[in-house]
Amino acid sequence: MRRALPRATIRDVSRTVLIVDDHADFRRTVRALLEADGFDVVGEAADGRLAITEANRLRPRLVLLDIQLPDIDGFEVARRLREATDPPAVVMTSSRTASSYRRRLAQSPGLGFIPKSDLSGEALAAFFA
């Protein structure tokens with residue numbers, strides 16, 4: 001009897017992520033965490049300009065976007081990504097709490113916010129539902 005080979009599904013394809021953060025150790029840790037939870041991390045970026053370039057090149061379904069970046073802040077990056085023909089979903093993250101950004105988060109085109117201390121595959125998966 002032959003065993004069936006695993007098949008890719010649309011859901012698998014839709015779990016592509018671009019990680020944007022200026023700290024390499026954070027990107028490396030989050031990549032390992034998300035890949036262990038079944039996400040396909042298609043790339044990383046250390047600043048806002050590279051995030052925009054990589055999002056356009058790699059076409060991830062979701063961008064995990066740090067708010068505080070060295071060149072363009074995450075809110076402006078999210079706004080620029082939203083202008084794309086087929087924009088990715090954006091989830092903002094920060095070492096600060098959501099209350100630190102309450103008004104700006106409410107005006108942001110991002111889907112939501114996850115504090116870095118609460119970041120997990122399960123928390124991020126809620127945005128793929």
# chains A, B, ... in the order shown; residues from 1 in each chain; ligands from 1
call {"tool": "residues_around", "arguments": {"residues": "stretch 106-117 of chain A", "least_positions_apart": "3", "cutoff": "8 Å", "atoms": "only C-alpha atoms", "output": "NGL selection string"}}
result
:A and (75 or 78-79 or 82 or 89-98 or 102-103 or 123-124 or 127)
call {"tool": "write_last_selection", "arguments": {"atoms": "all heavy atoms", "output": "short mmCIF file (atom, residue, chain, number, x, y, z; two decimals), in the first residue's frame"}}
result
data_model
loop_
_atom_site.label_atom_id
_atom_site.label_comp_id
_atom_site.auth_asym_id
_atom_site.auth_seq_id
_atom_site.Cartn_x
_atom_site.Cartn_y
_atom_site.Cartn_z
N PHE A 75 4.32 52.96 10.78
CA PHE A 75 3.03 53.47 10.33
C PHE A 75 3.11 53.98 8.89
O PHE A 75 2.22 53.75 8.09
CB PHE A 75 2.53 54.58 11.27
CG PHE A 75 2.18 54.07 12.63
CD1 PHE A 75 2.98 54.37 13.72
CD2 PHE A 75 1.06 53.27 12.83
CE1 PHE A 75 2.67 53.90 14.99
CE2 PHE A 75 0.74 52.78 14.09
CZ PHE A 75 1.56 53.10 15.17
N ALA A 78 3.43 50.97 6.58
CA ALA A 78 2.11 50.34 6.39
C ALA A 78 1.27 51.14 5.39
O ALA A 78 0.59 50.56 4.54
CB ALA A 78 1.39 50.24 7.73
N ARG A 79 1.31 52.46 5.50
CA ARG A 79 0.56 53.30 4.57
C ARG A 79 1.04 53.09 3.14
O ARG A 79 0.24 52.93 2.22
CB ARG A 79 0.68 54.77 4.97
CG ARG A 79 -0.22 55.68 4.14
CD ARG A 79 0.10 57.15 4.34
NE ARG A 79 1.41 57.51 3.83
CZ ARG A 79 1.71 57.65 2.53
NH1 ARG A 79 0.81 57.42 1.60
NH2 ARG A 79 2.93 58.00 2.16
N ARG A 82 0.01 49.75 1.70
CA ARG A 82 -1.42 49.73 1.40
C ARG A 82 -1.71 50.25 -0.01
O ARG A 82 -2.72 49.93 -0.61
CB ARG A 82 -2.16 50.57 2.44
CG ARG A 82 -3.62 50.53 2.32
CD ARG A 82 -4.10 49.16 2.69
NE ARG A 82 -5.55 49.14 2.66
CZ ARG A 82 -6.24 48.05 2.60
NH1 ARG A 82 -5.64 46.90 2.57
NH2 ARG A 82 -7.53 48.09 2.57
N ALA A 89 -1.40 42.03 4.01
CA ALA A 89 -1.94 42.39 5.32
C ALA A 89 -0.75 42.82 6.18
O ALA A 89 0.38 42.33 5.99
CB ALA A 89 -2.62 41.18 5.94
N VAL A 90 -0.96 43.74 7.09
CA VAL A 90 0.10 44.23 7.96
C VAL A 90 -0.33 44.08 9.41
O VAL A 90 -1.42 44.50 9.79
CB VAL A 90 0.43 45.72 7.67
CG1 VAL A 90 1.44 46.26 8.67
CG2 VAL A 90 0.95 45.89 6.25
N VAL A 91 0.55 43.47 10.20
CA VAL A 91 0.36 43.39 11.64
C VAL A 91 1.54 44.13 12.26
O VAL A 91 2.69 43.81 11.99
CB VAL A 91 0.29 41.94 12.14
CG1 VAL A 91 0.24 41.89 13.67
CG2 VAL A 91 -0.94 41.24 11.56
N MET A 92 1.22 45.13 13.07
CA MET A 92 2.24 45.94 13.71
C MET A 92 2.71 45.23 14.98
O MET A 92 1.95 44.50 15.62
CB MET A 92 1.68 47.31 14.07
CG MET A 92 0.97 48.03 12.94
SD MET A 92 2.02 48.51 11.59
CE MET A 92 2.77 49.97 12.26
N THR A 93 3.97 45.52 15.36
CA THR A 93 4.51 44.99 16.60
C THR A 93 5.46 46.01 17.21
O THR A 93 5.99 46.87 16.51
CB THR A 93 5.20 43.62 16.39
OG1 THR A 93 5.50 43.04 17.66
CG2 THR A 93 6.47 43.73 15.56
N SER A 94 5.66 45.90 18.51
CA SER A 94 6.57 46.81 19.21
C SER A 94 6.87 46.23 20.57
O SER A 94 6.10 45.41 21.10
CB SER A 94 5.92 48.20 19.37
OG SER A 94 6.78 49.06 20.11
N SER A 95 7.98 46.68 21.16
CA SER A 95 8.28 46.30 22.53
C SER A 95 7.41 47.11 23.50
O SER A 95 7.29 46.77 24.66
CB SER A 95 9.76 46.49 22.84
OG SER A 95 10.15 47.81 22.55
N ARG A 96 6.79 48.17 23.01
CA ARG A 96 5.85 48.96 23.82
C ARG A 96 4.45 48.36 23.70
O ARG A 96 4.17 47.55 22.81
CB ARG A 96 5.82 50.41 23.33
CG ARG A 96 7.15 51.09 23.51
CD ARG A 96 7.07 52.51 23.06
NE ARG A 96 8.36 53.17 23.17
CZ ARG A 96 8.57 54.41 22.85
NH1 ARG A 96 7.60 55.17 22.36
NH2 ARG A 96 9.77 54.94 22.99
N THR A 97 3.56 48.80 24.56
CA THR A 97 2.18 48.30 24.53
C THR A 97 1.35 49.06 23.51
O THR A 97 1.72 50.15 23.08
CB THR A 97 1.52 48.45 25.92
OG1 THR A 97 1.44 49.84 26.23
CG2 THR A 97 2.31 47.70 26.98
N ALA A 98 0.20 48.51 23.19
CA ALA A 98 -0.71 49.16 22.24
C ALA A 98 -1.16 50.52 22.75
O ALA A 98 -1.37 51.44 21.96
CB ALA A 98 -1.91 48.26 21.98
N ARG A 102 -2.10 54.10 20.75
CA ARG A 102 -3.55 53.94 20.59
C ARG A 102 -4.13 54.70 19.39
O ARG A 102 -4.76 54.12 18.52
CB ARG A 102 -4.27 54.36 21.86
CG ARG A 102 -5.76 54.08 21.82
CD ARG A 102 -6.45 54.41 23.13
NE ARG A 102 -5.71 54.00 24.31
CZ ARG A 102 -5.80 52.80 24.90
NH1 ARG A 102 -6.62 51.91 24.39
NH2 ARG A 102 -5.10 52.50 25.97
N ARG A 103 -3.94 56.01 19.32
CA ARG A 103 -4.53 56.82 18.24
C ARG A 103 -3.94 56.44 16.89
O ARG A 103 -4.66 56.28 15.91
CB ARG A 103 -4.33 58.31 18.53
CG ARG A 103 -5.04 59.22 17.54
CD ARG A 103 -4.91 60.68 17.89
NE ARG A 103 -3.54 61.15 18.00
CZ ARG A 103 -2.78 61.50 16.95
NH1 ARG A 103 -3.25 61.41 15.74
NH2 ARG A 103 -1.55 61.93 17.13
N ALA A 123 -0.84 33.73 17.95
CA ALA A 123 -1.32 35.12 17.90
C ALA A 123 -1.35 35.62 16.46
O ALA A 123 -2.30 36.30 16.05
CB ALA A 123 -0.44 36.01 18.77
N LEU A 124 -0.33 35.29 15.70
CA LEU A 124 -0.27 35.75 14.31
C LEU A 124 -1.27 35.01 13.43
O LEU A 124 -1.87 35.59 12.52
CB LEU A 124 1.15 35.58 13.76
CG LEU A 124 1.45 36.35 12.48
CD1 LEU A 124 1.29 37.86 12.70
CD2 LEU A 124 2.86 36.05 12.01
N PHE A 127 -4.72 36.38 12.42
CA PHE A 127 -4.86 37.35 11.32
C PHE A 127 -4.99 36.68 9.96
O PHE A 127 -5.25 37.34 8.96
CB PHE A 127 -3.69 38.33 11.33
CG PHE A 127 -3.69 39.21 12.55
CD1 PHE A 127 -2.90 38.91 13.62
CD2 PHE A 127 -4.53 40.32 12.61
CE1 PHE A 127 -2.91 39.71 14.76
CE2 PHE A 127 -4.55 41.11 13.74
CZ PHE A 127 -3.74 40.81 14.82
#
call {"tool": "closest_atom_pairs", "arguments": {"of": "stretch 51-112 of chain A", "to": "stretch 14-28 of chain A", "cutoff": "10 Å", "atoms": "only C-alpha atoms", "output": "JSON lines"}}
result
{"residue": "A:Ala51", "atom": "CA", "partner": "A:Val20", "partner_atom": "CA", "distance": 6.3}
{"residue": "A:Ile52", "atom": "CA", "partner": "A:Val20", "partner_atom": "CA", "distance": 9.7}
{"residue": "A:Glu54", "atom": "CA", "partner": "A:Leu18", "partner_atom": "CA", "distance": 7.9}
{"residue": "A:Ala55", "atom": "CA", "partner": "A:Leu18", "partner_atom": "CA", "distance": 7.1}
{"residue": "A:Leu58", "atom": "CA", "partner": "A:Leu18", "partner_atom": "CA", "distance": 8.2}
{"residue": "A:Arg59", "atom": "CA", "partner": "A:Thr16", "partner_atom": "CA", "distance": 8.4}
{"residue": "A:Pro60", "atom": "CA", "partner": "A:Thr16", "partner_atom": "CA", "distance": 5.0}
{"residue": "A:Arg61", "atom": "CA", "partner": "A:Thr16", "partner_atom": "CA", "distance": 5.4}
{"residue": "A:Leu62", "atom": "CA", "partner": "A:Val17", "partner_atom": "CA", "distance": 4.9}
{"residue": "A:Val63", "atom": "CA", "partner": "A:Leu18", "partner_atom": "CA", "distance": 4.8}
{"residue": "A:Leu64", "atom": "CA", "partner": "A:Ile19", "partner_atom": "CA", "distance": 5.0}
{"residue": "A:Leu65", "atom": "CA", "partner": "A:Val20", "partner_atom": "CA", "distance": 4.9}
{"residue": "A:Asp66", "atom": "CA", "partner": "A:Asp21", "partner_atom": "CA", "distance": 5.3}
{"residue": "A:Ile67", "atom": "CA", "partner": "A:Asp21", "partner_atom": "CA", "distance": 8.4}
{"residue": "A:Gln68", "atom": "CA", "partner": "A:Asp21", "partner_atom": "CA", "distance": 8.1}
{"residue": "A:Leu69", "atom": "CA", "partner": "A:Asp22", "partner_atom": "CA", "distance": 6.1}
{"residue": "A:Pro70", "atom": "CA", "partner": "A:Asp22", "partner_atom": "CA", "distance": 7.1}
{"residue": "A:Asp71", "atom": "CA", "partner": "A:Asp22", "partner_atom": "CA", "distance": 9.9}
{"residue": "A:Gly74", "atom": "CA", "partner": "A:Val20", "partner_atom": "CA", "distance": 8.9}
{"residue": "A:Pro88", "atom": "CA", "partner": "A:Val17", "partner_atom": "CA", "distance": 9.2}
{"residue": "A:Ala89", "atom": "CA", "partner": "A:Val17", "partner_atom": "CA", "distance": 9.5}
{"residue": "A:Val90", "atom": "CA", "partner": "A:Leu18", "partner_atom": "CA", "distance": 9.6}
{"residue": "A:Met92", "atom": "CA", "partner": "A:Val20", "partner_atom": "CA", "distance": 9.5}
{"residue": "A:Thr93", "atom": "CA", "partner": "A:Asp21", "partner_atom": "CA", "distance": 9.1}
{"residue": "A:Ser94", "atom": "CA", "partner": "A:Asp21", "partner_atom": "CA", "distance": 9.3}
call {"tool": "select_by_dssp", "arguments": {"residues": "chain A", "states": "helix (DSSP H, G or I)", "output": "number ranges by chain"}}
result
A: 10-13, 24-36, 48-58, 74-82, 98-107, 116-118, 121-128
call {"tool": "select_by_dssp", "arguments": {"residues": "stretch 41-116 of chain A", "states": "strand (DSSP E)", "output": "PyMOL selection string"}}
result
chain A and resi 41-45+62-66+89-94+112-115
call {"tool": "atom_distance", "arguments": {"atom1": "atom CA of A:Ala46", "atom2": "atom CA of A:Ile72"}}
result
10.9 Å
call {"tool": "atom_distance", "arguments": {"atom1": "atom CA of A:Leu81", "atom2": "atom CA of A:Leu119"}}
result
21.8 Å
